[in-house]
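**Q** After the structure tokens below, expect a handful of questions from me.
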Amino acid sequence: MISFRNHVVTLLAVFLALAAGIALGGGPLSEVGRSPLTAGTPDNDSGTDEVAAYGDTFAGASAARLYAGGLAGHPVAVVTLPGADEKTVAGLTANIETAGGAVTATYAAQSALVDPGEKALVDTLGSQLMTQIEGDIADQAAPTYTRMGQIIGTAVATTTATPAASTDAAAAIRQALAGAELAVSPEGTPQRSPLVLVVLGDDTDDDVLAGLTSGLAAKSLGVVVVGDTASGNGGDLAGLRASALATDVTTVDGAERGLGQATATLALIRALGTKGGAFGASGSDGAVPLG
């Protein structure tokens with residue numbers, strides 16, 4: 001298993017190459033981000049804290065050059081699940097802004113939305129909204145949580161590369177979610193965003209998470225789901241990555257660190273043109289999304 005120290009060193013090599021403008025399509029760095037460095041790298045965790053701190057500092061210092069304004073004109077809607085860490089959300093928001101983007105709105109999912117014991121409530125509200133709101137807001141035949149993810153996506157997201165204005169349907173959905181205590185939306189009429197960033201918190205049932213995020217992916221240009229390092233090692237992200245529903249969802253672990261937040265921002269930029277992928281220490285597609 002790749003150690004955390006080796007993972008940080010790998011990320012630093014990738015970021016250094018990107019910041020220097022080195023093409024990674026071939027040559028000695030072509031496989032960086034897909035396998036741990038082996039030559040000259042101790043296989044132990046001595047100095048891990050120092051290496052991790054350096055990685056965070058480096059990512060912060062080089063972020064603007066790495067992102068190259070990749071989110072300019074492409075705002076992001078943030079969906080936080082119960083227990084999401086506020087400092088992590090703030091760090092991700094700052095990185096999005098550094099990449100030239102902006103967070104149009106932050107939507108706070110409530111415990112009832114992700115509690116399997118409240119499935120009847122989620123299903124009933126979904127059916128009611130399908131009946132009351134005109135237009136293609138969701139697939140009536142979809143499973144409960146996939147359908148609810150599509151409904152939420154209709155309210156917060158768009159499949160176009162640029163933001164779209166809020167609609168009467170979007171406003172009605174946000175109001176209904178608040179009334180049922182399933183999600184809290186910001187005041188006003190926020191734009192619908194092409195990209196959705198889902199920030200994990202407390203443990204969430206695998207089927208619930210896969211359904212909601214796959215539903216969001218059907219109604220947006222791209223969805224990136226981020227969690228902490230533990231979530232990718234047997235936690236929520238590991239379950240999501242194993243789900244057949246979530247093939248169009250991009251996942252990133254390690255979001256509690258600055259280096260992971262930079263990786264998540266690069267994943268958002270990539271999601272403008274490519275769906276899916278698993279990145280981070282436990283990501284099967286490499287440490288960092290390179291394109």
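In the structure tokens, chains take letters A, B, ... by order of appearance, with residues numbered from 1 within each chain and ligands from 1 in the order shown.
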Please return, as a list in words, all residues of range 108-266 of chain A that DSSP assigns to strand (DSSP E) on the basis of the backbone.
**A**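 Strand (DSSP E) members of range 108-266 of chain A, listed: Ala108, Ala109, Ala183, Val184, Leu195, Val196, Leu197, Val198, Val199, Gly222, Val223, Val224, Val225, Val226, Val249, Thr250, Thr251 and Val252 of chain A.
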**Q** Quick one: everything within 7 Å of range 215-228 of chain A, counting only C-alpha atoms, minus sequence neighbours fewer than 3 positions away in the same chain. Send it as a PyMOL selection string.
**A** chain A and resi 146-150+152-154+157-161+194-200+211-212+231+237+248-256+264+267-268+271-272+275
**Q** Those same residues - C-alpha atoms - I'd like them written as a short mmCIF file (atom, residue, chain, number, x, y, z; two decimals), in the first residue's frame.
**A**
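Saved as out25.cif:
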```cif
data_model
loop_
_atom_site.label_atom_id
_atom_site.label_comp_id
_atom_site.auth_asym_id
_atom_site.auth_seq_id
_atom_site.Cartn_x
_atom_site.Cartn_y
_atom_site.Cartn_z
CA THR A 146 -31.28 8.92 -7.69
CA ARG A 147 -34.53 10.70 -8.46
CA MET A 148 -34.03 13.10 -5.54
CA GLY A 149 -30.48 13.80 -6.73
CA GLN A 150 -31.89 14.69 -10.15
CA ILE A 152 -31.85 18.74 -6.50
CA GLY A 153 -29.70 18.99 -9.62
CA THR A 154 -32.56 20.70 -11.45
CA ALA A 157 -27.14 22.93 -11.63
CA THR A 158 -27.12 23.12 -15.41
CA THR A 159 -25.61 20.92 -18.11
CA THR A 160 -24.27 23.94 -19.99
CA ALA A 161 -20.70 25.14 -19.55
CA PRO A 194 -22.36 23.84 -14.41
CA LEU A 195 -20.23 22.23 -11.70
CA VAL A 196 -21.31 20.76 -8.37
CA LEU A 197 -18.87 20.09 -5.52
CA VAL A 198 -20.18 17.68 -2.88
CA VAL A 199 -18.32 17.80 0.44
CA LEU A 200 -18.68 14.71 2.61
CA GLY A 211 -27.99 7.66 -5.67
CA LEU A 212 -27.85 11.34 -4.78
CA SER A 231 -13.03 8.27 3.44
CA LEU A 237 -15.54 7.56 -1.01
CA ASP A 248 -20.00 9.80 -13.98
CA VAL A 249 -18.93 11.21 -10.58
CA THR A 250 -15.35 12.33 -9.92
CA THR A 251 -13.98 11.57 -6.45
CA VAL A 252 -11.05 13.06 -4.52
CA ASP A 253 -9.81 12.06 -1.07
CA GLY A 254 -7.50 14.03 1.22
CA ALA A 255 -9.64 17.19 1.16
CA GLU A 256 -8.75 18.04 4.76
CA ALA A 264 -10.12 18.80 -5.91
CA ALA A 267 -10.69 17.81 -10.66
CA LEU A 268 -13.34 20.51 -11.07
CA ALA A 271 -14.87 17.87 -14.98
CA LEU A 272 -15.69 20.60 -17.50
CA LYS A 275 -16.80 12.89 -16.25
#
```
**Q** Using only C-alpha atoms, which residues sit within 7 Å of range 165-171 of chain A once same-chain residues fewer than 6 positions away are excluded, as a PDB file with C-alpha atoms, in the first residue's frame?
**A**
```pdb
ATOM      1  CA  ILE A 133     -43.776  20.915 -11.178  1.00  0.00           C
ATOM      2  CA  THR A 154     -32.558  20.695 -11.447  1.00  0.00           C
ATOM      3  CA  ALA A 155     -32.590  23.356  -8.733  1.00  0.00           C
ATOM      4  CA  THR A 189     -32.364  33.302  -6.468  1.00  0.00           C
ATOM      5  CA  PRO A 190     -28.865  31.894  -6.981  1.00  0.00           C
ATOM      6  CA  GLN A 191     -27.783  30.947 -10.469  1.00  0.00           C
ATOM      7  CA  ARG A 192     -27.604  27.319 -11.470  1.00  0.00           C
TER       8      ARG A 192
END
```
**Q** Taking only C-alpha atoms into account, name the residue in A:Gly73, A:Ala210, A:Gln261, A:Leu266 that is nearest to Gly100 in chain A.
**A**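 The shortest atom-to-atom distance to Gly100 in chain A comes from A:Gly73.
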**Q** Taking into account only C-alpha atoms, which residue in the set A:Ser214, A:Gln175, A:Thr57, A:Ser282 is nearest to Leu129 in chain A?
**A** A:Gln175
**Q** In terms of the shortest atom-to-atom distance over only C-alpha atoms, which of A:Ala94, A:Ala172, A:Val156, A:Ala112 is closest to Met130 in chain A?
**A**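 Among the listed residues, the smallest separation from Met130 in chain A belongs to A:Ala172.
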